Every structure is written in C-alpha cells, then in structure tokens.
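One file, query-v3.csv, carrying CSV, N, CA, C and O atoms:
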```
chain,number,residue,atom,x,y,z
A,1,MET,N,-10.2,7.5,15.5
A,1,MET,CA,-8.9,7.4,14.8
A,1,MET,C,-8.4,8.8,14.7
A,1,MET,O,-9.1,9.7,14.3
A,2,PRO,N,-7.1,9.0,15.1
A,2,PRO,CA,-6.5,10.3,15.1
A,2,PRO,C,-6.4,10.8,13.7
A,2,PRO,O,-6.3,10.0,12.7
A,3,LYS,N,-6.3,12.1,13.6
A,3,LYS,CA,-6.2,12.8,12.3
A,3,LYS,C,-5.0,12.3,11.5
A,3,LYS,O,-5.0,12.2,10.3
A,4,THR,N,-3.9,12.1,12.3
A,4,THR,CA,-2.6,11.7,11.6
A,4,THR,C,-2.8,10.3,11.0
A,4,THR,O,-2.2,10.1,9.9
A,5,SER,N,-3.5,9.5,11.7
A,5,SER,CA,-3.7,8.1,11.1
A,5,SER,C,-4.6,8.2,9.9
A,5,SER,O,-4.4,7.5,8.9
A,6,LEU,N,-5.6,9.0,9.9
A,6,LEU,CA,-6.5,9.2,8.7
A,6,LEU,C,-5.7,9.7,7.5
A,6,LEU,O,-5.8,9.3,6.4
A,7,GLN,N,-4.8,10.7,7.8
A,7,GLN,CA,-4.0,11.3,6.7
A,7,GLN,C,-3.0,10.2,6.2
A,7,GLN,O,-2.8,10.1,5.0
A,8,ALA,N,-2.5,9.4,7.1
A,8,ALA,CA,-1.6,8.3,6.6
A,8,ALA,C,-2.4,7.3,5.8
A,8,ALA,O,-1.9,6.8,4.7
A,9,ALA,N,-3.6,7.0,6.2
A,9,ALA,CA,-4.4,6.1,5.4
A,9,ALA,C,-4.7,6.6,4.0
A,9,ALA,O,-4.6,5.9,3.0
A,10,TRP,N,-5.0,7.9,3.9
A,10,TRP,CA,-5.2,8.5,2.6
A,10,TRP,C,-4.0,8.5,1.7
A,10,TRP,O,-4.0,8.2,0.5
A,11,SER,N,-2.8,8.7,2.3
A,11,SER,CA,-1.6,8.6,1.6
A,11,SER,C,-1.3,7.2,1.1
A,11,SER,O,-0.9,7.1,-0.1
A,12,ILE,N,-1.6,6.2,1.9
A,12,ILE,CA,-1.4,4.9,1.5
A,12,ILE,C,-2.4,4.5,0.3
A,12,ILE,O,-2.0,3.9,-0.7
A,13,ILE,N,-3.6,5.0,0.4
A,13,ILE,CA,-4.6,4.8,-0.7
A,13,ILE,C,-4.1,5.4,-1.9
A,13,ILE,O,-4.2,4.8,-3.0
A,14,ASN,N,-3.6,6.7,-1.9
A,14,ASN,CA,-3.1,7.3,-3.0
A,14,ASN,C,-1.9,6.6,-3.6
A,14,ASN,O,-1.8,6.5,-4.9
A,15,ASP,N,-1.1,6.0,-2.8
A,15,ASP,CA,0.1,5.2,-3.3
A,15,ASP,C,-0.4,4.0,-4.0
A,15,ASP,O,0.2,3.5,-5.0
A,16,SER,N,-1.6,3.4,-3.6
A,16,SER,CA,-2.1,2.2,-4.2
A,16,SER,C,-2.5,2.5,-5.7
A,16,SER,O,-2.5,1.5,-6.5
A,17,TYR,N,-2.8,3.7,-6.0
A,17,TYR,CA,-3.1,4.0,-7.4
A,17,TYR,C,-1.9,4.0,-8.3
A,17,TYR,O,-2.1,4.1,-9.5
A,18,LYS,N,-0.7,3.9,-7.8
A,18,LYS,CA,0.5,3.8,-8.6
A,18,LYS,C,0.8,2.4,-8.9
A,18,LYS,O,1.9,2.1,-9.4
A,19,THR,N,-0.1,1.5,-8.5
A,19,THR,CA,0.1,0.0,-8.7
A,19,THR,C,-1.1,-0.5,-9.5
A,19,THR,O,-2.0,0.2,-9.8
A,20,ASP,N,-1.0,-1.8,-9.8
A,20,ASP,CA,-2.1,-2.5,-10.5
A,20,ASP,C,-3.1,-3.0,-9.5
A,20,ASP,O,-4.1,-3.6,-9.9
A,21,MET,N,-2.9,-2.9,-8.2
A,21,MET,CA,-3.8,-3.5,-7.2
A,21,MET,C,-5.2,-2.9,-7.3
A,21,MET,O,-6.2,-3.6,-6.9
A,22,VAL,N,-5.4,-1.7,-7.8
A,22,VAL,CA,-6.7,-1.1,-7.9
A,22,VAL,C,-7.5,-1.9,-9.0
A,22,VAL,O,-8.8,-1.7,-9.0
A,23,PHE,N,-6.9,-2.6,-9.8
A,23,PHE,CA,-7.6,-3.5,-10.8
A,23,PHE,C,-7.9,-4.9,-10.3
A,23,PHE,O,-8.6,-5.6,-10.9
A,24,VAL,N,-7.2,-5.2,-9.2
A,24,VAL,CA,-7.2,-6.6,-8.7
A,24,VAL,C,-8.2,-6.7,-7.5
A,24,VAL,O,-8.9,-7.7,-7.4
A,25,TYR,N,-8.1,-5.8,-6.7
A,25,TYR,CA,-8.9,-5.8,-5.4
A,25,TYR,C,-10.0,-4.8,-5.3
A,25,TYR,O,-9.8,-3.7,-5.9
A,26,PRO,N,-11.1,-5.1,-4.7
A,26,PRO,CA,-12.1,-4.1,-4.5
A,26,PRO,C,-11.7,-2.9,-3.7
A,26,PRO,O,-10.8,-3.1,-2.8
A,27,PRO,N,-12.2,-1.7,-3.9
A,27,PRO,CA,-11.8,-0.5,-3.2
A,27,PRO,C,-11.9,-0.7,-1.7
A,27,PRO,O,-11.0,-0.2,-1.0
A,28,HIS,N,-12.9,-1.4,-1.2
A,28,HIS,CA,-13.1,-1.5,0.3
A,28,HIS,C,-11.9,-2.3,0.9
A,28,HIS,O,-11.5,-2.1,2.0
A,29,VAL,N,-11.4,-3.3,0.1
A,29,VAL,CA,-10.3,-4.1,0.7
A,29,VAL,C,-9.0,-3.2,0.7
A,29,VAL,O,-8.3,-3.3,1.7
A,30,ILE,N,-8.8,-2.4,-0.3
A,30,ILE,CA,-7.6,-1.5,-0.3
A,30,ILE,C,-7.8,-0.5,0.9
A,30,ILE,O,-6.8,-0.2,1.6
A,31,ALA,N,-9.0,0.0,1.1
A,31,ALA,CA,-9.2,1.0,2.2
A,31,ALA,C,-9.0,0.4,3.5
A,31,ALA,O,-8.3,1.0,4.4
A,32,ILE,N,-9.4,-0.9,3.7
A,32,ILE,CA,-9.2,-1.5,5.0
A,32,ILE,C,-7.7,-1.8,5.2
A,32,ILE,O,-7.2,-1.6,6.3
A,33,ALA,N,-7.0,-2.2,4.2
A,33,ALA,CA,-5.6,-2.4,4.3
A,33,ALA,C,-4.9,-1.1,4.6
A,33,ALA,O,-3.9,-1.1,5.4
A,34,ALA,N,-5.3,0.0,4.0
A,34,ALA,CA,-4.7,1.3,4.3
A,34,ALA,C,-5.0,1.7,5.8
A,34,ALA,O,-4.1,2.2,6.5
A,35,LEU,N,-6.2,1.4,6.3
A,35,LEU,CA,-6.5,1.7,7.7
A,35,LEU,C,-5.6,0.8,8.6
A,35,LEU,O,-5.1,1.3,9.6
A,36,PHE,N,-5.4,-0.4,8.2
A,36,PHE,CA,-4.6,-1.4,9.0
A,36,PHE,C,-3.2,-0.8,9.1
A,36,PHE,O,-2.6,-0.8,10.1
A,37,LEU,N,-2.6,-0.5,7.9
A,37,LEU,CA,-1.2,0.0,7.9
A,37,LEU,C,-1.1,1.3,8.6
A,37,LEU,O,-0.1,1.5,9.3
A,38,SER,N,-2.0,2.2,8.5
A,38,SER,CA,-2.0,3.5,9.2
A,38,SER,C,-2.0,3.3,10.7
A,38,SER,O,-1.4,4.0,11.5
A,39,ARG,N,-2.8,2.3,11.2
A,39,ARG,CA,-2.8,1.9,12.6
A,39,ARG,C,-1.5,1.4,13.1
A,39,ARG,O,-1.0,1.7,14.1
A,40,VAL,N,-0.8,0.6,12.2
A,40,VAL,CA,0.5,0.1,12.6
A,40,VAL,C,1.5,1.2,12.7
A,40,VAL,O,2.3,1.3,13.6
A,41,ILE,N,1.4,2.1,11.7
A,41,ILE,CA,2.3,3.3,11.7
A,41,ILE,C,2.1,4.1,12.9
A,41,ILE,O,3.1,4.6,13.6
A,42,ASP,N,0.9,4.3,13.3
A,42,ASP,CA,0.5,5.1,14.5
A,42,ASP,C,0.7,4.3,15.8
A,42,ASP,O,0.5,4.9,16.8
A,43,GLN,N,1.1,3.1,15.7
A,43,GLN,CA,1.3,2.2,16.8
A,43,GLN,C,0.0,2.0,17.6
A,43,GLN,O,0.1,1.7,18.8
A,44,GLY,N,-1.1,2.1,17.0
A,44,GLY,CA,-2.4,1.8,17.6
A,44,GLY,C,-2.8,2.5,18.8
A,44,GLY,O,-2.3,2.3,19.9
A,45,ASN,N,-3.7,3.5,18.6
A,45,ASN,CA,-4.3,4.2,19.7
A,45,ASN,C,-5.5,3.4,20.3
A,45,ASN,O,-6.0,3.7,21.3
A,46,GLN,N,-5.9,2.4,19.5
A,46,GLN,CA,-7.0,1.5,19.9
A,46,GLN,C,-6.4,0.3,20.6
A,46,GLN,O,-5.3,-0.2,20.2
A,47,SER,N,-7.1,-0.3,21.5
A,47,SER,CA,-6.6,-1.5,22.1
A,47,SER,C,-6.6,-2.7,21.1
A,47,SER,O,-7.4,-2.6,20.2
A,48,ASP,N,-5.8,-3.7,21.3
A,48,ASP,CA,-5.7,-4.8,20.4
A,48,ASP,C,-7.1,-5.5,20.3
A,48,ASP,O,-7.5,-5.9,19.2
A,49,ALA,N,-7.7,-5.6,21.4
A,49,ALA,CA,-9.0,-6.3,21.5
A,49,ALA,C,-10.1,-5.6,20.7
A,49,ALA,O,-10.8,-6.1,19.9
A,50,GLU,N,-10.1,-4.2,20.8
A,50,GLU,CA,-11.0,-3.4,20.1
A,50,GLU,C,-10.7,-3.5,18.6
A,50,GLU,O,-11.7,-3.6,17.8
A,51,ALA,N,-9.5,-3.4,18.2
A,51,ALA,CA,-9.1,-3.5,16.8
A,51,ALA,C,-9.5,-4.9,16.2
A,51,ALA,O,-10.0,-4.9,15.1
A,52,GLN,N,-9.2,-5.9,16.9
A,52,GLN,CA,-9.5,-7.3,16.4
A,52,GLN,C,-11.1,-7.4,16.3
A,52,GLN,O,-11.5,-8.0,15.3
A,53,GLN,N,-11.8,-6.9,17.2
A,53,GLN,CA,-13.3,-7.0,17.1
A,53,GLN,C,-13.8,-6.1,15.9
A,53,GLN,O,-14.7,-6.6,15.2
A,54,TRP,N,-13.1,-5.0,15.7
A,54,TRP,CA,-13.6,-4.1,14.6
A,54,TRP,C,-13.3,-4.8,13.2
A,54,TRP,O,-14.2,-4.8,12.4
A,55,TYR,N,-12.1,-5.4,13.1
A,55,TYR,CA,-11.8,-6.2,11.8
A,55,TYR,C,-12.8,-7.4,11.7
A,55,TYR,O,-13.2,-7.7,10.6
A,56,ALA,N,-13.1,-8.1,12.8
A,56,ALA,CA,-14.0,-9.2,12.7
A,56,ALA,C,-15.4,-8.8,12.3
A,56,ALA,O,-16.1,-9.6,11.6
A,57,ASP,N,-15.8,-7.6,12.7
A,57,ASP,CA,-17.2,-7.2,12.4
A,57,ASP,C,-17.3,-6.7,10.9
A,57,ASP,O,-18.4,-6.5,10.4
A,58,LEU,N,-16.2,-6.6,10.2
A,58,LEU,CA,-16.2,-6.0,8.9
A,58,LEU,C,-16.8,-7.0,7.9
A,58,LEU,O,-17.3,-6.6,6.8
A,59,ASN,N,-16.8,-8.3,8.2
A,59,ASN,CA,-17.3,-9.3,7.2
A,59,ASN,C,-16.5,-9.2,5.9
A,59,ASN,O,-17.1,-9.2,4.8
A,60,VAL,N,-15.2,-9.1,6.0
A,60,VAL,CA,-14.3,-9.0,4.8
A,60,VAL,C,-13.3,-10.1,5.0
A,60,VAL,O,-12.9,-10.5,6.1
A,61,ASP,N,-12.9,-10.7,3.8
A,61,ASP,CA,-11.9,-11.8,3.8
A,61,ASP,C,-10.6,-11.1,4.2
A,61,ASP,O,-10.0,-10.4,3.4
A,62,MET,N,-10.1,-11.4,5.4
A,62,MET,CA,-8.8,-10.8,5.8
A,62,MET,C,-7.6,-11.3,5.0
A,62,MET,O,-6.6,-10.6,5.0
A,63,THR,N,-7.8,-12.4,4.4
A,63,THR,CA,-6.7,-12.9,3.5
A,63,THR,C,-6.4,-11.9,2.4
A,63,THR,O,-5.3,-11.6,2.1
A,64,ASP,N,-7.5,-11.4,1.8
A,64,ASP,CA,-7.3,-10.4,0.7
A,64,ASP,C,-6.7,-9.1,1.3
A,64,ASP,O,-5.8,-8.5,0.7
A,65,VAL,N,-7.2,-8.7,2.5
A,65,VAL,CA,-6.6,-7.5,3.1
A,65,VAL,C,-5.1,-7.6,3.4
A,65,VAL,O,-4.3,-6.7,3.0
A,66,LEU,N,-4.7,-8.8,3.9
A,66,LEU,CA,-3.3,-9.0,4.1
A,66,LEU,C,-2.5,-9.1,2.9
A,66,LEU,O,-1.3,-8.7,2.8
A,67,GLN,N,-3.1,-9.6,1.8
A,67,GLN,CA,-2.4,-9.7,0.5
A,67,GLN,C,-2.1,-8.2,0.0
A,67,GLN,O,-1.0,-7.9,-0.5
A,68,VAL,N,-3.1,-7.4,0.2
A,68,VAL,CA,-2.9,-6.0,-0.2
A,68,VAL,C,-1.8,-5.3,0.7
A,68,VAL,O,-1.0,-4.6,0.2
A,69,VAL,N,-1.9,-5.6,2.0
A,69,VAL,CA,-0.9,-5.0,2.9
A,69,VAL,C,0.5,-5.5,2.4
A,69,VAL,O,1.4,-4.7,2.3
A,70,ASN,N,0.7,-6.8,2.1
A,70,ASN,CA,2.0,-7.3,1.7
A,70,ASN,C,2.4,-6.7,0.4
A,70,ASN,O,3.6,-6.4,0.2
A,71,GLU,N,1.5,-6.5,-0.6
A,71,GLU,CA,1.8,-5.8,-1.8
A,71,GLU,C,2.3,-4.4,-1.6
A,71,GLU,O,3.2,-3.9,-2.2
A,72,LEU,N,1.6,-3.7,-0.7
A,72,LEU,CA,1.9,-2.3,-0.4
A,72,LEU,C,3.3,-2.2,0.2
A,72,LEU,O,4.1,-1.4,-0.1
A,73,LEU,N,3.6,-3.1,1.1
A,73,LEU,CA,4.9,-3.2,1.8
A,73,LEU,C,6.0,-3.5,0.8
A,73,LEU,O,7.1,-2.9,0.8
A,74,ALA,N,5.7,-4.3,-0.2
A,74,ALA,CA,6.7,-4.6,-1.2
A,74,ALA,C,6.9,-3.4,-2.1
A,74,ALA,O,8.1,-3.1,-2.5
A,75,VAL,N,5.9,-2.7,-2.4
A,75,VAL,CA,6.0,-1.4,-3.2
A,75,VAL,C,6.9,-0.4,-2.4
A,75,VAL,O,7.8,0.2,-3.0
A,76,TYR,N,6.6,-0.3,-1.1
A,76,TYR,CA,7.4,0.7,-0.3
A,76,TYR,C,8.9,0.2,-0.3
A,76,TYR,O,9.8,1.1,-0.3
A,77,GLU,N,9.1,-1.1,-0.2
A,77,GLU,CA,10.5,-1.6,-0.1
A,77,GLU,C,11.2,-1.3,-1.5
A,77,GLU,O,12.3,-0.9,-1.5
A,78,THR,N,10.5,-1.5,-2.6
A,78,THR,CA,11.0,-1.2,-3.9
A,78,THR,C,11.3,0.3,-4.0
A,78,THR,O,12.4,0.7,-4.5
A,79,TRP,N,10.4,1.1,-3.6
A,79,TRP,CA,10.6,2.6,-3.7
A,79,TRP,C,11.8,3.0,-2.8
A,79,TRP,O,12.4,4.0,-3.2
A,80,SER,N,12.0,2.4,-1.7
A,80,SER,CA,13.1,2.8,-0.8
A,80,SER,C,14.4,2.6,-1.5
A,80,SER,O,15.4,3.3,-1.2
A,81,GLY,N,14.5,1.6,-2.4
A,81,GLY,CA,15.8,1.3,-3.0
A,81,GLY,C,15.9,2.0,-4.4
A,81,GLY,O,17.0,1.9,-5.0
A,82,TYR,N,15.0,2.8,-4.7
A,82,TYR,CA,15.0,3.5,-6.0
A,82,TYR,C,16.0,4.7,-5.9
A,82,TYR,O,16.0,5.5,-5.0
A,83,VAL,N,16.9,4.7,-6.9
A,83,VAL,CA,17.9,5.8,-7.0
A,83,VAL,C,17.7,6.5,-8.3
A,83,VAL,O,17.9,5.8,-9.3
A,84,ASP,N,17.4,7.7,-8.3
A,84,ASP,CA,17.1,8.5,-9.5
A,84,ASP,C,18.4,8.6,-10.4
A,84,ASP,O,18.3,8.8,-11.6
A,85,ASP,N,19.6,8.6,-9.8
A,85,ASP,CA,20.8,8.8,-10.5
A,85,ASP,C,21.0,7.7,-11.6
A,85,ASP,O,21.7,8.0,-12.6
A,86,ASN,N,20.5,6.6,-11.4
A,86,ASN,CA,20.7,5.5,-12.3
A,86,ASN,C,19.8,5.6,-13.5
A,86,ASN,O,20.0,4.9,-14.6
A,87,MET,N,18.7,6.3,-13.4
A,87,MET,CA,17.7,6.3,-14.5
A,87,MET,C,18.2,6.7,-15.8
A,87,MET,O,17.9,6.1,-16.8
A,88,PRO,N,18.9,7.8,-16.0
A,88,PRO,CA,19.4,8.2,-17.3
A,88,PRO,C,20.2,7.1,-18.0
A,88,PRO,O,20.0,6.9,-19.2
A,89,ASP,N,21.0,6.5,-17.3
A,89,ASP,CA,21.9,5.4,-17.9
A,89,ASP,C,21.0,4.2,-18.3
A,89,ASP,O,21.2,3.6,-19.3
A,90,LEU,N,20.0,3.9,-17.4
A,90,LEU,CA,19.1,2.7,-17.8
A,90,LEU,C,18.3,3.1,-19.0
A,90,LEU,O,18.1,2.2,-19.9
A,91,VAL,N,17.8,4.3,-19.1
A,91,VAL,CA,17.0,4.7,-20.3
A,91,VAL,C,17.9,4.6,-21.5
A,91,VAL,O,17.4,4.1,-22.6
A,92,SER,N,19.1,5.1,-21.5
A,92,SER,CA,20.0,5.1,-22.6
A,92,SER,C,20.3,3.7,-23.1
A,92,SER,O,20.3,3.4,-24.3
A,93,ARG,N,20.6,2.8,-22.1
A,93,ARG,CA,20.8,1.4,-22.5
A,93,ARG,C,19.6,0.8,-23.1
A,93,ARG,O,19.7,0.0,-24.1
A,94,TYR,N,18.4,1.1,-22.6
A,94,TYR,CA,17.2,0.5,-23.1
A,94,TYR,C,16.9,1.0,-24.6
A,94,TYR,O,16.6,0.2,-25.4
A,95,ILE,N,17.2,2.3,-24.8
A,95,ILE,CA,17.0,2.8,-26.2
A,95,ILE,C,18.0,2.2,-27.1
A,95,ILE,O,17.7,1.8,-28.2
A,96,ALA,N,19.3,2.0,-26.6
A,96,ALA,CA,20.3,1.4,-27.5
A,96,ALA,C,19.9,-0.1,-27.8
A,96,ALA,O,20.1,-0.5,-28.9
A,97,ASP,N,19.4,-0.8,-26.8
A,97,ASP,CA,19.0,-2.2,-27.1
A,97,ASP,C,17.8,-2.2,-28.1
A,97,ASP,O,17.8,-3.1,-29.0
A,98,ILE,N,16.9,-1.3,-28.0
A,98,ILE,CA,15.8,-1.3,-29.0
A,98,ILE,C,16.3,-0.9,-30.4
A,98,ILE,O,15.9,-1.6,-31.4
A,99,ALA,N,17.2,0.0,-30.4
A,99,ALA,CA,17.8,0.4,-31.7
A,99,ALA,C,18.6,-0.7,-32.4
A,99,ALA,O,18.7,-0.9,-33.6
A,100,ALA,N,19.3,-1.5,-31.5
A,100,ALA,CA,20.1,-2.6,-32.0
A,100,ALA,C,19.3,-3.8,-32.5
A,100,ALA,O,19.8,-4.6,-33.3
A,101,SER,N,18.0,-3.9,-32.1
A,101,SER,CA,17.2,-5.1,-32.5
A,101,SER,C,16.4,-4.8,-33.7
A,101,SER,O,16.3,-3.9,-34.3
```
Serialized structure, structure tokens:
Amino acid sequence: MPKTSLQAAWSIINDSYKTDMVFVYPPHVIAIAALFLSRVIDQGNQSDAEAQQWYADLNVDMTDVLQVVNELLAVYETWSGYVDDNMPDLVSRYIADIAAS
C-alpha cells in the first residue's frame, strides 16, 4: 500500500474518533473501513481481484465494515456543509431558548 494511502487511512481513523462509532464498532472494523476508503481515494493500486481476496481472507463481517464506511461518508457529507459563520447565531438562539424556558 502506498504511503499516501496509509496516511489517508490514518486520517480517516482519526476522524472516526470525532464520532460515536468508536463505541459501537470494534477497532479492527474501523481500521478495515479506513483502509477500504483510503484505497477508494487512491483509486486502488491493487487489482480488484487481489483486493477482493484480501478482504475475503480477513474473516470479518463486511456488513459491519460497510456500515462504518457509510457512517464515515455521512460524517464527511455533514462536515462539507458546515459553515462556521452560522455558529454564533445558532449559539445565541440556543442560549436565548434556554433562558426563556
């Protein structure tokens, strides 16, 4: 695996710590999902047959891995729509709502 793919996998794993998935899924499932996503990002230097065999040899429920992949993609989609400019207004309204109740 190229160094750039490994770095991408580590970045994905670090991002997973900003979610609750670290409490839901075992670490090895998150790691495999990160490797899967980093391979997709790198557009696969490994042949598809080699990659499929590697995942088959892992003896891991790929349903769990794909659930983690989907959750990570949802997190990235949410983060892409995040606009920091709205945050002060949202916090002010939240505090006002708390004070009013």
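You will find atom CA of Gln43 of chain A at 23.9 Å from atom CA of Asn59 of chain A.
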> Mind checking DSSP for chain A and telling me the helix (DSSP H, G or I) residues as a VMD selection string?
Replying inline: chain A and resid 3 to 16 21 to 24 27 to 41 48 to 57 62 to 80 84 to 100
>> List as a PyMOL selection string the protein and nucleic acid residues near Val24 of chain A, meaning an atom at most 12 Å away when only C-alpha atoms are counted, but skip any in the same chain fewer than 6 places from it.
In response: chain A and resi 16-17+30+64-65+67-68+71
> When distances are computed from only N, CA, C and O atoms, which of A:Ala56, A:Val91, A:Val83, A:Val69 shows the smallest separation from Ile32 of chain A?
Replying inline: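 So, comparing all the options, the nearest one is A:Val69.
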>> Report, in Å with one decimal, the straight-line distance from atom C of Met87 of chain A to atom O of Trp10 of chain A.
In response: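 One can read the atom C of Met87 of chain A to atom O of Trp10 of chain A distance as 27.6 Å.
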> To one decimal place, how far is atom C of Ser5 of chain A from atom O of Ala49 of chain A in Å?
Replying inline: 18.5 Å
> Which residue out of A:Ile41, A:Ala99, A:Val22, A:Leu90 has the minimum interatomic distance to Thr4 of chain A when all atoms listed in the file are used?
Replying inline: A:Ile41
>> With only C-alpha atoms as the counted atoms, please give the residues lying no more than 7 Å from Ala34 of chain A, apart from itself and same-chain residues fewer than 2 positions off, as a count of residues only.
In response: 9
> Which one of A:Asp20, A:Asn14, A:Ile95, A:Ala8 sits closest to Arg39 of chain A if you count only C-alpha atoms?
Replying inline: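 The closest residue to Arg39 of chain A is A:Ala8.
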> Between A:Lys3, A:Leu72, A:Asp57, A:Val29, which is the closest to Asp15 of chain A once you count all atoms listed in the file?
Replying inline: A:Leu72
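With distances taken over all atoms listed in the file, A:His28 is the one residue among A:Leu35, A:His28, A:Asp48, A:Ser11 lying closest to Val60 of chain A.
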